[in-house]
>>> print(open('my_file17.cif').read())   # mmCIF, C-alpha atoms; chains and numbers go by the auth columns
data_input
#
loop_
_atom_site.group_PDB
_atom_site.id
_atom_site.type_symbol
_atom_site.label_atom_id
_atom_site.label_comp_id
_atom_site.label_asym_id
_atom_site.label_seq_id
_atom_site.Cartn_x
_atom_site.Cartn_y
_atom_site.Cartn_z
_atom_site.B_iso_or_equiv
_atom_site.auth_seq_id
_atom_site.auth_asym_id
ATOM 1 C CA MET A 1 211.850 81.025 224.611 0.00 235 A
ATOM 2 C CA HIS A 2 212.157 83.766 221.981 0.00 236 A
ATOM 3 C CA VAL A 3 210.902 87.213 223.009 0.00 237 A
ATOM 4 C CA THR A 4 210.283 90.241 220.811 0.00 238 A
ATOM 5 C CA ILE A 5 209.890 93.521 222.695 0.00 239 A
ATOM 6 C CA VAL A 6 207.995 95.874 220.389 0.00 240 A
ATOM 7 C CA HIS A 7 208.100 99.590 221.220 0.00 241 A
ATOM 8 C CA VAL A 8 205.073 101.509 219.954 0.00 242 A
ATOM 9 C CA TRP A 9 204.492 105.273 219.886 0.00 243 A
ATOM 10 C CA VAL A 10 200.843 106.201 219.309 0.00 244 A
ATOM 11 C CA LYS A 11 199.332 109.520 218.264 0.00 245 A
ATOM 12 C CA PRO A 12 197.910 111.003 221.493 0.00 246 A
ATOM 13 C CA ASP A 13 194.382 111.296 220.103 0.00 247 A
ATOM 14 C CA ARG A 14 194.329 107.627 219.025 0.00 248 A
ATOM 15 C CA ILE A 15 195.305 106.002 222.319 0.00 249 A
ATOM 16 C CA GLN A 16 191.895 104.451 223.002 0.00 250 A
ATOM 17 C CA ASP A 17 191.540 103.249 219.403 0.00 251 A
ATOM 18 C CA PHE A 18 194.957 101.613 219.649 0.00 252 A
ATOM 19 C CA ILE A 19 194.086 99.877 222.916 0.00 253 A
ATOM 20 C CA GLU A 20 190.882 98.437 221.436 0.00 254 A
ATOM 21 C CA ALA A 21 192.616 97.163 218.284 0.00 255 A
ATOM 22 C CA THR A 22 195.431 95.675 220.322 0.00 256 A
ATOM 23 C CA GLN A 23 193.091 93.800 222.660 0.00 257 A
ATOM 24 C CA LEU A 24 191.918 91.758 219.654 0.00 258 A
ATOM 25 C CA ASN A 25 195.533 91.043 218.647 0.00 259 A
ATOM 26 C CA HIS A 26 196.322 89.983 222.230 0.00 260 A
ATOM 27 C CA GLU A 27 193.378 87.589 222.362 0.00 261 A
ATOM 28 C CA GLY A 28 194.161 86.051 218.975 0.00 262 A
ATOM 29 C CA SER A 29 197.853 85.681 219.726 0.00 263 A
ATOM 30 C CA LEU A 30 197.338 83.693 222.928 0.00 264 A
ATOM 31 C CA GLY A 31 195.927 80.870 220.810 0.00 265 A
ATOM 32 C CA GLU A 32 198.899 80.654 218.445 0.00 266 A
ATOM 33 C CA PRO A 33 201.245 77.635 218.389 0.00 267 A
ATOM 34 C CA GLY A 34 204.060 78.086 220.888 0.00 268 A
ATOM 35 C CA ASN A 35 202.754 81.340 222.355 0.00 269 A
ATOM 36 C CA ARG A 36 203.916 81.846 225.926 0.00 270 A
ATOM 37 C CA ARG A 37 203.035 85.485 226.583 0.00 271 A
ATOM 38 C CA PHE A 38 201.535 88.391 224.688 0.00 272 A
ATOM 39 C CA ASP A 39 201.504 91.220 227.222 0.00 273 A
ATOM 40 C CA VAL A 40 200.275 94.662 226.223 0.00 274 A
ATOM 41 C CA LEU A 41 201.852 97.377 228.392 0.00 275 A
ATOM 42 C CA GLN A 42 201.337 101.114 228.703 0.00 276 A
ATOM 43 C CA ASP A 43 204.256 103.211 229.953 0.00 277 A
ATOM 44 C CA ALA A 44 203.395 104.499 233.443 0.00 278 A
ATOM 45 C CA ASN A 45 204.879 107.901 232.630 0.00 279 A
ATOM 46 C CA ASP A 46 203.823 108.291 228.976 0.00 280 A
ATOM 47 C CA PRO A 47 200.308 107.089 228.062 0.00 281 A
ATOM 48 C CA ALA A 48 201.114 107.282 224.329 0.00 282 A
ATOM 49 C CA LYS A 49 204.034 104.827 224.639 0.00 283 A
ATOM 50 C CA PHE A 50 203.243 101.095 224.604 0.00 284 A
ATOM 51 C CA VAL A 51 205.179 97.843 224.680 0.00 285 A
ATOM 52 C CA LEU A 52 204.076 94.538 223.199 0.00 286 A
ATOM 53 C CA TYR A 53 205.893 91.681 224.933 0.00 287 A
ATOM 54 C CA GLU A 54 205.633 88.724 222.560 0.00 288 A
ATOM 55 C CA ALA A 55 207.075 85.421 223.804 0.00 289 A
ATOM 56 C CA PHE A 56 207.050 82.184 221.811 0.00 290 A
ATOM 57 C CA GLU A 57 208.644 78.787 222.261 0.00 291 A
ATOM 58 C CA ASP A 58 211.055 79.422 219.393 0.00 292 A
ATOM 59 C CA GLU A 59 211.852 81.715 216.481 0.00 293 A
ATOM 60 C CA GLU A 60 209.705 79.725 214.067 0.00 294 A
ATOM 61 C CA ASP A 61 206.605 80.224 216.204 0.00 295 A
ATOM 62 C CA ALA A 62 207.485 83.915 216.585 0.00 296 A
ATOM 63 C CA ALA A 63 207.719 84.274 212.800 0.00 297 A
ATOM 64 C CA GLY A 64 204.371 82.513 212.428 0.00 298 A
ATOM 65 C CA HIS A 65 202.681 85.322 214.345 0.00 299 A
ATOM 66 C CA LYS A 66 203.082 87.683 211.402 0.00 300 A
ATOM 67 C CA LEU A 67 201.244 85.262 209.115 0.00 301 A
ATOM 68 C CA THR A 68 198.041 85.223 211.187 0.00 302 A
ATOM 69 C CA GLU A 69 194.859 87.015 210.231 0.00 303 A
ATOM 70 C CA HIS A 70 194.583 88.785 213.608 0.00 304 A
ATOM 71 C CA TYR A 71 198.113 90.149 213.213 0.00 305 A
ATOM 72 C CA LYS A 72 197.455 91.418 209.672 0.00 306 A
ATOM 73 C CA LEU A 73 194.172 93.035 210.762 0.00 307 A
ATOM 74 C CA TRP A 74 195.944 94.715 213.693 0.00 308 A
ATOM 75 C CA ARG A 75 198.847 95.908 211.495 0.00 309 A
ATOM 76 C CA ASP A 76 196.495 97.477 208.968 0.00 310 A
ATOM 77 C CA THR A 77 194.156 98.944 211.596 0.00 311 A
ATOM 78 C CA VAL A 78 196.840 100.648 213.689 0.00 312 A
ATOM 79 C CA ALA A 79 198.946 101.886 210.749 0.00 313 A
ATOM 80 C CA GLU A 80 197.395 105.340 210.799 0.00 314 A
ATOM 81 C CA MET A 81 197.616 105.528 214.614 0.00 315 A
ATOM 82 C CA MET A 82 201.418 105.395 214.780 0.00 316 A
ATOM 83 C CA ALA A 83 203.286 108.561 215.806 0.00 317 A
ATOM 84 C CA LYS A 84 206.463 107.007 214.394 0.00 318 A
ATOM 85 C CA PRO A 85 207.578 103.563 213.181 0.00 319 A
ATOM 86 C CA ARG A 86 207.511 100.686 215.673 0.00 320 A
ATOM 87 C CA GLU A 87 210.761 99.111 216.872 0.00 321 A
ATOM 88 C CA GLY A 88 210.915 95.383 217.538 0.00 322 A
ATOM 89 C CA VAL A 89 213.902 94.073 219.495 0.00 323 A
ATOM 90 C CA PRO A 90 214.497 90.286 219.453 0.00 324 A
ATOM 91 C CA HIS A 91 215.738 88.525 222.596 0.00 325 A
ATOM 92 C CA ARG A 92 216.666 85.059 223.764 0.00 326 A
ATOM 93 C CA ALA A 93 215.174 84.166 227.152 0.00 327 A
ATOM 94 C CA LEU A 94 217.808 82.728 229.507 0.00 328 A
ATOM 95 C CA TYR A 95 215.313 82.213 232.356 0.00 329 A
ATOM 96 C CA PRO A 96 212.832 80.644 232.295 0.00 330 A
ATOM 97 C CA SER A 97 215.058 78.201 230.428 0.00 331 A
ATOM 98 C CA ASN A 98 212.315 75.940 229.099 0.00 332 A
ATOM 99 C CA MET B 1 199.640 93.683 236.643 0.00 229 B
ATOM 100 C CA HIS B 2 202.553 96.059 237.170 0.00 230 B
ATOM 101 C CA VAL B 3 205.617 95.471 234.978 0.00 231 B
ATOM 102 C CA THR B 4 209.086 96.949 235.309 0.00 232 B
ATOM 103 C CA ILE B 5 211.295 96.555 232.254 0.00 233 B
ATOM 104 C CA VAL B 6 214.888 96.866 233.458 0.00 234 B
ATOM 105 C CA HIS B 7 217.560 97.557 230.841 0.00 235 B
ATOM 106 C CA VAL B 8 221.007 96.296 231.819 0.00 236 B
ATOM 107 C CA TRP B 9 224.350 96.900 230.105 0.00 237 B
ATOM 108 C CA VAL B 10 227.087 94.516 231.269 0.00 238 B
ATOM 109 C CA LYS B 11 230.847 94.753 230.859 0.00 239 B
ATOM 110 C CA PRO B 12 231.679 92.328 228.017 0.00 240 B
ATOM 111 C CA ASP B 13 234.103 90.295 230.122 0.00 241 B
ATOM 112 C CA ARG B 14 231.515 89.797 232.908 0.00 242 B
ATOM 113 C CA ILE B 15 228.634 88.414 230.847 0.00 243 B
ATOM 114 C CA GLN B 16 228.835 84.878 232.247 0.00 244 B
ATOM 115 C CA ASP B 17 229.230 86.147 235.818 0.00 245 B
ATOM 116 C CA PHE B 18 226.161 88.320 235.347 0.00 246 B
ATOM 117 C CA ILE B 19 224.100 85.433 233.975 0.00 247 B
ATOM 118 C CA GLU B 20 225.008 83.231 236.947 0.00 248 B
ATOM 119 C CA ALA B 21 224.165 85.918 239.515 0.00 249 B
ATOM 120 C CA THR B 22 220.904 86.716 237.767 0.00 250 B
ATOM 121 C CA GLN B 23 219.771 83.090 237.699 0.00 251 B
ATOM 122 C CA LEU B 24 219.682 83.156 241.509 0.00 252 B
ATOM 123 C CA ASN B 25 217.675 86.394 241.478 0.00 253 B
ATOM 124 C CA HIS B 26 215.242 84.866 238.966 0.00 254 B
ATOM 125 C CA GLU B 27 214.711 81.768 241.078 0.00 255 B
ATOM 126 C CA GLY B 28 214.208 83.744 244.282 0.00 256 B
ATOM 127 C CA SER B 29 211.857 86.230 242.666 0.00 257 B
ATOM 128 C CA LEU B 30 209.448 83.590 241.361 0.00 258 B
ATOM 129 C CA GLY B 31 208.565 82.774 244.965 0.00 259 B
ATOM 130 C CA GLU B 32 207.710 86.341 245.965 0.00 260 B
ATOM 131 C CA PRO B 33 204.138 87.428 246.804 0.00 261 B
ATOM 132 C CA GLY B 34 202.305 88.522 243.667 0.00 262 B
ATOM 133 C CA ASN B 35 205.084 87.610 241.249 0.00 263 B
ATOM 134 C CA ARG B 36 203.741 86.814 237.789 0.00 264 B
ATOM 135 C CA ARG B 37 206.888 86.772 235.656 0.00 265 B
ATOM 136 C CA PHE B 38 210.604 87.339 236.114 0.00 266 B
ATOM 137 C CA ASP B 39 212.045 86.779 232.662 0.00 267 B
ATOM 138 C CA VAL B 40 215.766 87.256 232.044 0.00 268 B
ATOM 139 C CA LEU B 41 216.462 88.149 228.414 0.00 269 B
ATOM 140 C CA GLN B 42 219.627 88.588 226.385 0.00 270 B
ATOM 141 C CA ASP B 43 219.486 90.876 223.345 0.00 271 B
ATOM 142 C CA ALA B 44 219.780 88.726 220.208 0.00 272 B
ATOM 143 C CA ASN B 45 222.071 91.291 218.584 0.00 273 B
ATOM 144 C CA ASP B 46 224.104 92.444 221.604 0.00 274 B
ATOM 145 C CA PRO B 47 225.150 89.758 224.115 0.00 275 B
ATOM 146 C CA ALA B 48 226.162 92.411 226.675 0.00 276 B
ATOM 147 C CA LYS B 49 222.651 93.922 226.744 0.00 277 B
ATOM 148 C CA PHE B 50 220.031 92.283 228.993 0.00 278 B
ATOM 149 C CA VAL B 51 216.439 92.910 229.986 0.00 279 B
ATOM 150 C CA LEU B 52 214.802 91.869 233.241 0.00 280 B
ATOM 151 C CA TYR B 53 211.033 91.643 232.780 0.00 281 B
ATOM 152 C CA GLU B 54 209.567 91.845 236.275 0.00 282 B
ATOM 153 C CA ALA B 55 205.774 91.458 236.539 0.00 283 B
ATOM 154 C CA PHE B 56 203.838 91.590 239.807 0.00 284 B
ATOM 155 C CA GLU B 57 200.155 91.717 240.709 0.00 285 B
ATOM 156 C CA ASP B 58 200.448 95.339 241.826 0.00 286 B
ATOM 157 C CA GLU B 59 202.871 98.138 242.665 0.00 287 B
ATOM 158 C CA GLU B 60 203.108 97.101 246.307 0.00 288 B
ATOM 159 C CA ASP B 61 204.329 93.636 245.388 0.00 289 B
ATOM 160 C CA ALA B 62 206.754 95.164 242.867 0.00 290 B
ATOM 161 C CA ALA B 63 208.184 97.425 245.578 0.00 291 B
ATOM 162 C CA GLY B 64 208.525 94.432 247.901 0.00 292 B
ATOM 163 C CA HIS B 65 210.976 92.840 245.476 0.00 293 B
ATOM 164 C CA LYS B 66 213.654 95.370 246.436 0.00 294 B
ATOM 165 C CA LEU B 67 213.366 94.405 250.106 0.00 295 B
ATOM 166 C CA THR B 68 214.213 90.744 249.548 0.00 296 B
ATOM 167 C CA GLU B 69 217.538 89.152 250.415 0.00 297 B
ATOM 168 C CA HIS B 70 217.986 87.650 246.933 0.00 298 B
ATOM 169 C CA TYR B 71 217.488 91.090 245.355 0.00 299 B
ATOM 170 C CA LYS B 72 220.004 92.744 247.702 0.00 300 B
ATOM 171 C CA LEU B 73 222.547 89.979 247.084 0.00 301 B
ATOM 172 C CA TRP B 74 222.073 90.341 243.310 0.00 302 B
ATOM 173 C CA ARG B 75 222.337 94.155 243.452 0.00 303 B
ATOM 174 C CA ASP B 76 225.596 94.008 245.399 0.00 304 B
ATOM 175 C CA THR B 77 227.047 91.145 243.346 0.00 305 B
ATOM 176 C CA VAL B 78 226.418 92.683 239.923 0.00 306 B
ATOM 177 C CA ALA B 79 227.361 96.270 240.887 0.00 307 B
ATOM 178 C CA GLU B 80 230.894 95.931 239.531 0.00 308 B
ATOM 179 C CA MET B 81 229.677 94.172 236.367 0.00 309 B
ATOM 180 C CA MET B 82 227.647 97.106 235.056 0.00 310 B
ATOM 181 C CA ALA B 83 228.949 98.963 231.984 0.00 311 B
ATOM 182 C CA LYS B 84 226.594 101.826 232.867 0.00 312 B
ATOM 183 C CA PRO B 85 223.673 102.417 235.255 0.00 313 B
ATOM 184 C CA ARG B 86 220.563 100.273 234.827 0.00 314 B
ATOM 185 C CA GLU B 87 217.305 101.833 233.631 0.00 315 B
ATOM 186 C CA GLY B 88 214.000 100.568 235.001 0.00 316 B
ATOM 187 C CA VAL B 89 210.834 101.607 233.145 0.00 317 B
ATOM 188 C CA PRO B 90 207.499 101.067 234.975 0.00 318 B
ATOM 189 C CA HIS B 91 204.446 99.942 233.001 0.00 319 B
ATOM 190 C CA ARG B 92 200.807 99.124 233.579 0.00 320 B
ATOM 191 C CA ALA B 93 199.684 95.906 231.893 0.00 321 B
ATOM 192 C CA LEU B 94 196.467 96.395 229.929 0.00 322 B
ATOM 193 C CA TYR B 95 196.341 92.750 228.766 0.00 323 B
ATOM 194 C CA PRO B 96 196.283 90.350 230.463 0.00 324 B
ATOM 195 C CA SER B 97 193.856 92.455 232.476 0.00 325 B
ATOM 196 C CA ASN B 98 193.823 90.331 235.614 0.00 326 B
#
>>> encode(input="my_file17.cif", output="structure tokens")
Amino acid sequence: MHVTIVHVWVKPDRIQDFIEATQLNHEGSLGEPGNRRFDVLQDANDPAKFVLYEAFEDEEDAAGHKLTEHYKLWRDTVAEMMAKPREGVPHRALYPSN
Amino acid sequence: MHVTIVHVWVKPDRIQDFIEATQLNHEGSLGEPGNRRFDVLQDANDPAKFVLYEAFEDEEDAAGHKLTEHYKLWRDTVAEMMAKPREGVPHRALYPSN
């Protein structure tokens, strides 16, 4: 399983707009080939800090996410909501091992 | 769903020992009340950097994790393997919403 942890910093006055746009990306992503998880998290101590936890069977499926229409719509919609650039950190899942 | 993202920095010569100890913690944690995920990740660009992605139904179940025997065994076993103190960041999952 390949996991990208994406750190997102949102402008404080756009938090609700970001959540609504990201719900659509979450729902679309669950239907992608090889998707295992697409969790949308809000930092318990900083409501403007979010994490997208994107898990796919393999790197190819993870790369495919960025070719989808729901991803491109999300990317373009949230662009003006970012307080600073996102940071995506790729990981290899050791467990679960399948 | 309550998610703790735990950042772990391991001494380079203890990476395999850490992975073995953490497999046991992963397996034990999946059987805990309210556990939803317990993913063990290795940074794709830094093999000594790990993430534990610990998701439970609620905060009470998350707190219960630290009372288990497998957690205490893991904590004591890996103590000498740490390159620096772990950092756990609590999150509220927005999606999935159940």
>>> residues_near_point(input="my_file17.cif", point="(212.1, 88.7, 246.4)", cutoff="10 Å", atoms="all atoms listed in the file", output="MDAnalysis selection string")
chainID B and resid 253:261 263 289:300
>>> closest_residue(input="my_file17.cif", among="B:Asp274, B:Asp286, B:Asp267, B:Glu315", to="chain A", atoms="all atoms listed in the file")
B:Asp267
>>> calpha_fit_and_write(input="my_file17.cif", fixed="chain B", moving="chain A", output="PDB file with C-alpha atoms, in the frame of the given file")
ATOM      1  CA  MET A 235     199.627  93.684 236.632  1.00  0.00           C
ATOM      2  CA  HIS A 236     202.558  96.062 237.164  1.00  0.00           C
ATOM      3  CA  VAL A 237     205.613  95.462 234.969  1.00  0.00           C
ATOM      4  CA  THR A 238     209.086  96.946 235.317  1.00  0.00           C
ATOM      5  CA  ILE A 239     211.301  96.548 232.252  1.00  0.00           C
ATOM      6  CA  VAL A 240     214.890  96.873 233.460  1.00  0.00           C
ATOM      7  CA  HIS A 241     217.561  97.547 230.830  1.00  0.00           C
ATOM      8  CA  VAL A 242     221.011  96.296 231.822  1.00  0.00           C
ATOM      9  CA  TRP A 243     224.354  96.900 230.100  1.00  0.00           C
ATOM     10  CA  VAL A 244     227.081  94.514 231.274  1.00  0.00           C
ATOM     11  CA  LYS A 245     230.844  94.755 230.860  1.00  0.00           C
ATOM     12  CA  PRO A 246     231.669  92.329 228.017  1.00  0.00           C
ATOM     13  CA  ASP A 247     234.093  90.290 230.123  1.00  0.00           C
ATOM     14  CA  ARG A 248     231.516  89.800 232.905  1.00  0.00           C
ATOM     15  CA  ILE A 249     228.638  88.418 230.844  1.00  0.00           C
ATOM     16  CA  GLN A 250     228.831  84.882 232.245  1.00  0.00           C
ATOM     17  CA  ASP A 251     229.225  86.146 235.819  1.00  0.00           C
ATOM     18  CA  PHE A 252     226.150  88.323 235.352  1.00  0.00           C
ATOM     19  CA  ILE A 253     224.096  85.434 233.980  1.00  0.00           C
ATOM     20  CA  GLU A 254     224.994  83.226 236.955  1.00  0.00           C
ATOM     21  CA  ALA A 255     224.159  85.922 239.524  1.00  0.00           C
ATOM     22  CA  THR A 256     220.906  86.717 237.770  1.00  0.00           C
ATOM     23  CA  GLN A 257     219.766  83.091 237.687  1.00  0.00           C
ATOM     24  CA  LEU A 258     219.687  83.153 241.504  1.00  0.00           C
ATOM     25  CA  ASN A 259     217.673  86.399 241.474  1.00  0.00           C
ATOM     26  CA  HIS A 260     215.247  84.870 238.952  1.00  0.00           C
ATOM     27  CA  GLU A 261     214.714  81.767 241.074  1.00  0.00           C
ATOM     28  CA  GLY A 262     214.210  83.745 244.280  1.00  0.00           C
ATOM     29  CA  SER A 263     211.854  86.229 242.663  1.00  0.00           C
ATOM     30  CA  LEU A 264     209.444  83.592 241.357  1.00  0.00           C
ATOM     31  CA  GLY A 265     208.558  82.783 244.963  1.00  0.00           C
ATOM     32  CA  GLU A 266     207.710  86.357 245.952  1.00  0.00           C
ATOM     33  CA  PRO A 267     204.144  87.447 246.799  1.00  0.00           C
ATOM     34  CA  GLY A 268     202.303  88.536 243.669  1.00  0.00           C
ATOM     35  CA  ASN A 269     205.083  87.612 241.247  1.00  0.00           C
ATOM     36  CA  ARG A 270     203.741  86.822 237.792  1.00  0.00           C
ATOM     37  CA  ARG A 271     206.891  86.771 235.664  1.00  0.00           C
ATOM     38  CA  PHE A 272     210.596  87.352 236.130  1.00  0.00           C
ATOM     39  CA  ASP A 273     212.056  86.782 232.670  1.00  0.00           C
ATOM     40  CA  VAL A 274     215.765  87.261 232.062  1.00  0.00           C
ATOM     41  CA  LEU A 275     216.465  88.148 228.417  1.00  0.00           C
ATOM     42  CA  GLN A 276     219.629  88.600 226.389  1.00  0.00           C
ATOM     43  CA  ASP A 277     219.478  90.879 223.346  1.00  0.00           C
ATOM     44  CA  ALA A 278     219.784  88.715 220.215  1.00  0.00           C
ATOM     45  CA  ASN A 279     222.071  91.274 218.584  1.00  0.00           C
ATOM     46  CA  ASP A 280     224.111  92.440 221.601  1.00  0.00           C
ATOM     47  CA  PRO A 281     225.165  89.751 224.109  1.00  0.00           C
ATOM     48  CA  ALA A 282     226.160  92.406 226.675  1.00  0.00           C
ATOM     49  CA  LYS A 283     222.647  93.923 226.750  1.00  0.00           C
ATOM     50  CA  PHE A 284     220.036  92.275 228.990  1.00  0.00           C
ATOM     51  CA  VAL A 285     216.439  92.901 229.990  1.00  0.00           C
ATOM     52  CA  LEU A 286     214.803  91.874 233.246  1.00  0.00           C
ATOM     53  CA  TYR A 287     211.035  91.646 232.777  1.00  0.00           C
ATOM     54  CA  GLU A 288     209.561  91.862 236.273  1.00  0.00           C
ATOM     55  CA  ALA A 289     205.779  91.465 236.546  1.00  0.00           C
ATOM     56  CA  PHE A 290     203.839  91.595 239.813  1.00  0.00           C
ATOM     57  CA  GLU A 291     200.169  91.709 240.708  1.00  0.00           C
ATOM     58  CA  ASP A 292     200.449  95.328 241.833  1.00  0.00           C
ATOM     59  CA  GLU A 293     202.871  98.125 242.658  1.00  0.00           C
ATOM     60  CA  GLU A 294     203.116  97.107 246.305  1.00  0.00           C
ATOM     61  CA  ASP A 295     204.330  93.627 245.390  1.00  0.00           C
ATOM     62  CA  ALA A 296     206.750  95.154 242.870  1.00  0.00           C
ATOM     63  CA  ALA A 297     208.177  97.421 245.579  1.00  0.00           C
ATOM     64  CA  GLY A 298     208.519  94.429 247.899  1.00  0.00           C
ATOM     65  CA  HIS A 299     210.979  92.838 245.483  1.00  0.00           C
ATOM     66  CA  LYS A 300     213.660  95.350 246.428  1.00  0.00           C
ATOM     67  CA  LEU A 301     213.364  94.396 250.099  1.00  0.00           C
ATOM     68  CA  THR A 302     214.216  90.718 249.550  1.00  0.00           C
ATOM     69  CA  GLU A 303     217.537  89.145 250.416  1.00  0.00           C
ATOM     70  CA  HIS A 304     217.983  87.644 246.928  1.00  0.00           C
ATOM     71  CA  TYR A 305     217.485  91.074 245.359  1.00  0.00           C
ATOM     72  CA  LYS A 306     220.002  92.744 247.695  1.00  0.00           C
ATOM     73  CA  LEU A 307     222.554  89.972 247.079  1.00  0.00           C
ATOM     74  CA  TRP A 308     222.072  90.332 243.311  1.00  0.00           C
ATOM     75  CA  ARG A 309     222.339  94.152 243.455  1.00  0.00           C
ATOM     76  CA  ASP A 310     225.592  94.008 245.398  1.00  0.00           C
ATOM     77  CA  THR A 311     227.053  91.151 243.339  1.00  0.00           C
ATOM     78  CA  VAL A 312     226.420  92.692 239.917  1.00  0.00           C
ATOM     79  CA  ALA A 313     227.360  96.269 240.883  1.00  0.00           C
ATOM     80  CA  GLU A 314     230.889  95.943 239.551  1.00  0.00           C
ATOM     81  CA  MET A 315     229.671  94.179 236.382  1.00  0.00           C
ATOM     82  CA  MET A 316     227.647  97.123 235.064  1.00  0.00           C
ATOM     83  CA  ALA A 317     228.946  98.966 231.985  1.00  0.00           C
ATOM     84  CA  LYS A 318     226.603 101.839 232.857  1.00  0.00           C
ATOM     85  CA  PRO A 319     223.680 102.423 235.242  1.00  0.00           C
ATOM     86  CA  ARG A 320     220.568 100.274 234.810  1.00  0.00           C
ATOM     87  CA  GLU A 321     217.309 101.835 233.617  1.00  0.00           C
ATOM     88  CA  GLY A 322     214.006 100.584 234.992  1.00  0.00           C
ATOM     89  CA  VAL A 323     210.839 101.609 233.152  1.00  0.00           C
ATOM     90  CA  PRO A 324     207.507 101.068 234.968  1.00  0.00           C
ATOM     91  CA  HIS A 325     204.439  99.940 233.009  1.00  0.00           C
ATOM     92  CA  ARG A 326     200.802  99.123 233.596  1.00  0.00           C
ATOM     93  CA  ALA A 327     199.693  95.903 231.894  1.00  0.00           C
ATOM     94  CA  LEU A 328     196.464  96.400 229.925  1.00  0.00           C
ATOM     95  CA  TYR A 329     196.328  92.756 228.780  1.00  0.00           C
ATOM     96  CA  PRO A 330     196.298  90.354 230.469  1.00  0.00           C
ATOM     97  CA  SER A 331     193.854  92.453 232.477  1.00  0.00           C
ATOM     98  CA  ASN A 332     193.813  90.312 235.610  1.00  0.00           C
TER      99      ASN A 332
END
>>> atom_distance(input="my_file17.cif", atom1="atom CA of A:Leu286", atom2="atom CA of B:Arg242")
29.5 Å
>>> closest_residue(input="my_file17.cif", among="A:Val312, A:Ala317, A:Glu288, A:His325", to="chain B", atoms="only C-alpha atoms")
A:His325
>>> closest_residue(input="my_file17.cif", among="B:Lys312, B:Trp237, B:Ile247, B:Glu285", to="chain A", atoms="all atoms listed in the file")
B:Ile247
>>> resolve_selection(input="my_file17.cif", expression="the PyMOL selection byres ((chain B) within 6 of (chain A))", output="JSON, numbers by chain")
{"B": [267, 268, 269, 270, 271, 272, 318, 319, 320, 321, 322, 323]}
>>> atom_distance(input="my_file17.cif", atom1="atom CA of B:Ala276", atom2="atom CA of A:Phe290")
22.2 Å
>>> closest_residue(input="my_file17.cif", among="B:Glu287, B:Met309, B:Asn326, B:Gly316", to="B:Ile243", atoms="all atoms listed in the file")
B:Met309
>>> decode(input="my_file17.cif", residues="stretch 310-324 of chain A", atoms="N, CA and C atoms", output="tab-separated table (two decimals), in the first residue's frame")
chain	number	residue	atom	x	y	z
A	310	ASP	N	-8.30	23.07	-8.53
A	310	ASP	CA	-8.58	24.42	-9.02
A	310	ASP	C	-9.46	25.20	-8.04
A	311	THR	N	-10.39	24.48	-7.40
A	311	THR	CA	-11.32	25.16	-6.49
A	311	THR	C	-10.62	25.65	-5.24
A	312	VAL	N	-9.71	24.84	-4.69
A	312	VAL	CA	-9.10	25.21	-3.40
A	312	VAL	C	-7.86	26.09	-3.57
A	313	ALA	N	-7.42	26.30	-4.81
A	313	ALA	CA	-6.16	27.03	-5.03
A	313	ALA	C	-6.13	28.36	-4.28
A	314	GLU	N	-7.21	29.08	-4.33
A	314	GLU	CA	-7.23	30.41	-3.71
A	314	GLU	C	-7.47	30.33	-2.19
A	315	MET	N	-7.73	29.12	-1.69
A	315	MET	CA	-8.00	28.96	-0.25
A	315	MET	C	-6.74	28.63	0.55
A	316	MET	N	-5.64	28.36	-0.15
A	316	MET	CA	-4.42	27.92	0.52
A	316	MET	C	-3.72	29.09	1.22
A	317	ALA	N	-3.31	28.87	2.48
A	317	ALA	CA	-2.51	29.88	3.19
A	317	ALA	C	-1.05	29.78	2.78
A	318	LYS	N	-0.62	28.58	2.38
A	318	LYS	CA	0.71	28.37	1.83
A	318	LYS	C	0.68	27.06	1.05
A	319	PRO	N	1.72	26.76	0.26
A	319	PRO	CA	1.67	25.57	-0.58
A	319	PRO	C	1.52	24.27	0.22
A	320	ARG	N	0.77	23.33	-0.35
A	320	ARG	CA	0.60	22.02	0.28
A	320	ARG	C	1.92	21.25	0.25
A	321	GLU	N	2.03	20.27	1.19
A	321	GLU	CA	3.21	19.40	1.21
A	321	GLU	C	2.74	17.95	1.23
A	322	GLY	N	3.08	17.21	0.20
A	322	GLY	CA	2.72	15.80	0.14
A	322	GLY	C	3.94	14.93	0.44
A	323	VAL	N	3.79	14.01	1.38
A	323	VAL	CA	4.91	13.17	1.80
A	323	VAL	C	4.57	11.71	1.47
A	324	PRO	N	5.32	11.09	0.53
A	324	PRO	CA	5.02	9.70	0.16
A	324	PRO	C	5.57	8.69	1.17
